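Have a look at the structure below before the remarks.
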Amino acid sequence: MSDTPTPNHFIRQIVIDDLAHGKHAGIATRFPPEPNGYLHIGHAKSICLNFGIAAEFNGRCNLRFDDTNPAKEDPEYVTAIQEDVQWLGFHWAELRHASDYFELIYRCALKLIRDGVAFVCDLSAEEVREHRGTLTQPGRNSPFRDRPVAENLDLFARMKAGEFADGSHTLRAKIDMSSGNINLRDPALYRIRKVDHQNTGDAWCIYPMYDFAHVISDAVEGITHSLCTLEFEDHRPLYDWCLDQLPVWAMPELADELDRLGLKPSRPRQIEFSRLNLDFLVMSKRKLLTLVTGNHVNGWDDPRMPTPCVAFAAVGSPADAIRNFIRNAGVTKQESVLEFSLLENEVRNDLDVRAERRMAVIDPLKVVIVNLADSHEESLTMANHPKDESRGTRSVPFSRELWIEREDFMEVPPKGYHRMVPGGEVRLRGVGIVKCEHVVKNSNDVVTEVHCTLDGSTRHGMSGADRKVKGTIHWVSAKHALSAEVRLYDRLFTVADPDDDNDGKTYRDHLNPNSVRVVNAQLETSLARVAAETRLQFERLGYFVADRVDHRADQPVFNRICTLRDSWAKAAK
RNA sequence: UGGGAGAUCGUCCAACGGUAGGACAACGGACUCUGACUCCGUUUAUCUAGGUUCGAAUCCUAGUCUCCCAGCCA
């Protein structure tokens with residue numbers, strides 16, 4: 001979609017160099033989510049990176065579910081994740097599961113045992129922890145570390161056969177209990193979990209750990225560049241150890257299974273990059289889940305959630321804007337927190353060109369044009385887009401009584417105020433210049449009506465129409481107005497870093513009580529005809545989208561995507 | 001006190017021994033039938049200290065700060 005050149009970054013450069021040196025015939029990447037939750041905008045970076053690199057260099061990118069922990073996973077998430085990837089505009093070469101490779105991974109484990117570099121350990125989780133040592137002290141060998149190969153083979157077969165209880169045995173790599181890198185202190189490769197798996201059912205009761213399954217999955221799929229986030233940096237030595245021990249591209253005992261699955265293995269390289277973080281948001285799955293279960297938001301598709309497909313689609317952010325935002329954010333190993341305004345900027349840029357304009361009044365105040373007849377009624381023709389004639393025009397009914405935005409009138413204006421004031425003039429968008437002649441108040445001194453006269457010589461198309469006035473305000477004909485529910489969303493948290501609990505407060509203490517405001521708005525009539533999910537600009541207010549599920553012609557519901565930039569509000573504050 | 005990684009405007013990203021540049025933000029101005037969009041301008045940065053070099057963000061040395069790791073999670 002973008003016509004700007006792809007910005008370079010260190011991973012892209014590695015790929016370019018690898019290709020230039022003939023290291024690979026073609027490049028292959030993968031996006032490997034665990035189906036244990038919904039994706040959020042942080043994942044979108046990985047999606048854009050992996051699929052983007054593959055697309056740019058005519059490679060392939062698989063969508064692979066890293067489903068090695070059946071207790072936490074659910075098919076609901078595998079469906080949702082696929083939708084997210086597609087919503088972002090990407091297509092996978094193959095849809096795979098790590099669980100597709102359980103047989104291959106099992107045979108790899110067998111080789112490790114035969115080669116004397118893996119053993120069955122009878123230690124409990126607690127005991128393993130005690131043997132592991134600490135960050136500064138080396139661990140101690142398991143008493144089962146030197147079991148003979150035959151015994152390991154037998155025990156591992158019995159683990160697989162279901163003879164042992166969960167947690168009673170593990171298969172562990174035999175590496176180095178004194179390593180400064182804790183991942184190398186004889187890490188677990190397999191554990192027993194007698195639970196059904198969302199993809200393989202009850203076929204297995206032993207499941208490979210991430211470190212073991214992921215590297216083999218990468219290798220058998222022929223992934224050339226295995227891109228992951230920074231926290232896996234110190235797993236890389238284990239990743240490479242597995243590759244050294246298990247040249248899956250040259251293991252005869254894997255041939256039939258590889259063939260069955262149509263796989264062509266090669267040696268992958270792991271490269272780490274920093275996560276995408278946004279201020280005023282939390283990203284951890286646990287915290288997001290709490291927001292949902294604690295009813296702080298209305299479900300995973302609440303527009304305030306940082307989830308890409310469900311929430312961004314719900315709130316109407318175009319996928320293009322998300323992709324541009326991520327492209328502009330770059331790829332580095334530096335940990336960073338992006339300002340939310342970067343995202344908003346992309347959304348506004350995108351919507352400014354694509355969204356048609358309409359008028360809506362969110363906080364109505366009655367205006368009566370006293371020099372028009374009671375029965376006055378006409379139809380004005382207004383452009384749908386100020387910079388794109390091809391978007392056509394629409395007719396907007398105009399009559400004697402209108403709604404304007406309450407904040408567009410002030411009895412005692414501050415200096416610099418360009419809108420309607422007693423005795424002052426202002427332009428009604430598409431109509432002409434009106435002068436405020438009189439104000440009606442109720443017993444509480446609240447303004448209930450503003451009476452104006454319309455200067456006929458300034459009507460649209462007349463010679464006086466060019467006369468300058470400071471302000472132009474939007475309006476809706478009261479007689480024709482459509483009453484509608486409009487949901488005004490704001491940021492979910494009041495502080496830039498809700499995760500910071502140094503002051504003793506948690507992210508829950510920083511929830512914005514006004515993150516959503518539901519109002520009854522008055523819309524121009526044409527808005528009855530828009531389809532759900534249509535994105536529009538309500539002039540001077542912001543970008544809005546017709547709610548994908550709740551919007552109906554007879555009962556319109558719009559969500560605010562974001563406001564327009566408002567330099568007056570800023571100056572007035 | 002172990003292992004791994006990272007430090008450039010307020011924020012993010014460039015600069016790969018040769019003028020520290022861009023985006024966003026902020027500020028000022030122009031334009032405007034959206035206080036939008038657009039346009040113009042301004043402010044602000046190389047973690048510190050040494051060294052090498054005609055020349056250092058970049059190379060070397062020594063510090064400092066930040067992040068990650070002690071799941072049979074990923």
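We label chains A, B, ... in the order they appear in the structure tokens, count residues from 1 in each chain, and number ligands from 1 in the order shown.
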
Closest atom pairs, chain B residues within 9 Å of range 536-543 of chain A, only C-alpha atoms (C1' of nucleotides), as CSV:
residue,atom,partner,partner_atom,distance
B:U34,C1',A:Arg540,CA,5.0
B:G35,C1',A:Arg540,CA,8.8
B:A36,C1',A:Arg540,CA,6.5

Non-local contacts of U53 in chain B (9 Å; only C-alpha atoms (C1' of nucleotides); under 2 positions in same chain excluded) as a ChimeraX atom specification = /B:17,55-56

Any idea what the distance is between CA of Glu257 in chain A and CA of Glu103 in chain A?
-> 7.7 Å

Members of range 279-432 of chain A assigned helix (DSSP H, G or I) by DSSP, as a ChimeraX atom specification | /A:285-293,308-315,319-329,340-354,389-391,406-408

Restrict the selected residues to C-alpha atoms and save them as a short mmCIF file (atom, residue, chain, number, x, y, z; two decimals), in the first residue's frame.
data_model
loop_
_atom_site.label_atom_id
_atom_site.label_comp_id
_atom_site.auth_asym_id
_atom_site.auth_seq_id
_atom_site.Cartn_x
_atom_site.Cartn_y
_atom_site.Cartn_z
CA LYS A 285 -1.72 -10.99 28.68
CA ARG A 286 -2.37 -11.34 32.38
CA LYS A 287 -3.24 -7.68 32.86
CA LEU A 288 -5.34 -7.54 29.73
CA LEU A 289 -7.23 -10.56 30.95
CA THR A 290 -7.85 -8.85 34.28
CA LEU A 291 -9.27 -5.82 32.52
CA VAL A 292 -11.77 -8.10 30.80
CA THR A 293 -12.69 -10.33 33.72
CA PRO A 308 -5.25 -5.27 16.78
CA CYS A 309 -8.01 -7.06 14.95
CA VAL A 310 -10.91 -7.08 17.31
CA ALA A 311 -10.43 -3.76 19.01
CA PHE A 312 -8.79 -1.71 16.31
CA ALA A 313 -11.33 -2.90 13.81
CA ALA A 314 -14.05 -2.19 16.31
CA VAL A 315 -12.79 1.29 16.85
CA ALA A 319 -5.03 -1.72 9.11
CA ASP A 320 -2.95 0.55 6.85
CA ALA A 321 -2.54 3.00 9.68
CA ILE A 322 -1.39 0.28 12.05
CA ARG A 323 1.11 -0.99 9.51
CA ASN A 324 2.47 2.49 8.84
CA PHE A 325 2.78 3.11 12.51
CA ILE A 326 4.77 -0.07 12.97
CA ARG A 327 6.92 0.62 9.94
CA ASN A 328 7.75 4.06 11.26
CA ALA A 329 8.57 2.69 14.69
CA PHE A 340 0.50 7.10 21.58
CA SER A 341 0.46 10.23 19.40
CA LEU A 342 2.53 8.35 16.82
CA LEU A 343 -0.33 5.93 16.33
CA GLU A 344 -2.95 8.67 16.38
CA ASN A 345 -1.01 10.57 13.78
CA GLU A 346 -1.09 7.59 11.41
CA VAL A 347 -4.78 7.03 12.02
CA ARG A 348 -5.54 10.68 11.27
CA ASN A 349 -3.35 10.71 8.18
CA ASP A 350 -5.11 7.69 6.84
CA LEU A 351 -8.61 8.74 7.71
CA ASP A 352 -8.17 12.30 6.48
CA VAL A 353 -7.93 11.01 2.94
CA ARG A 354 -10.31 8.09 3.19
CA GLU A 389 -14.36 15.87 -5.68
CA SER A 390 -14.74 12.30 -6.81
CA ARG A 391 -16.28 11.54 -3.45
CA ARG A 406 -23.00 23.73 23.11
CA GLU A 407 -19.32 24.61 23.31
CA ASP A 408 -19.65 26.63 20.11
#

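Residue list for chain B within 8 Å of chain A: U1, G2, G3, G4, A5, G6, U11, C12, C13, A23, C24, A25, C33, U34, G35, A36, C37, C67, C68, C69, A70, C72, C73 and A74 of chain B, counting only C-alpha atoms (C1' of nucleotides).
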
Shell around A7 in chain B at 9 Å using only C-alpha atoms (C1' of nucleotides), local window under 2 positions removed, as a PDB file with C-alpha atoms (C1' of nucleotides), in the first residue's frame:
ATOM      1  CA  GLN A 334      16.709  -0.909  22.051  1.00  0.00           C
TER       2      GLN A 334
ATOM      3  C1'   C B  47      25.745   8.285  29.106  1.00  0.00           C
ATOM      4  C1'   C B  65      22.991   3.737  34.076  1.00  0.00           C
ATOM      5  C1'   U B  66      18.843   0.695  32.230  1.00  0.00           C
TER       6        U B  66
END

CA of Val549 in chain A to CA of Leu523 in chain A: how many Å, to one decimal?
->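 Those two atoms sit 19.1 Å apart.
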
Interatomic distance between CA of Gly461 in chain A and CA of Leu402 in chain A?
-> 21.0 Å
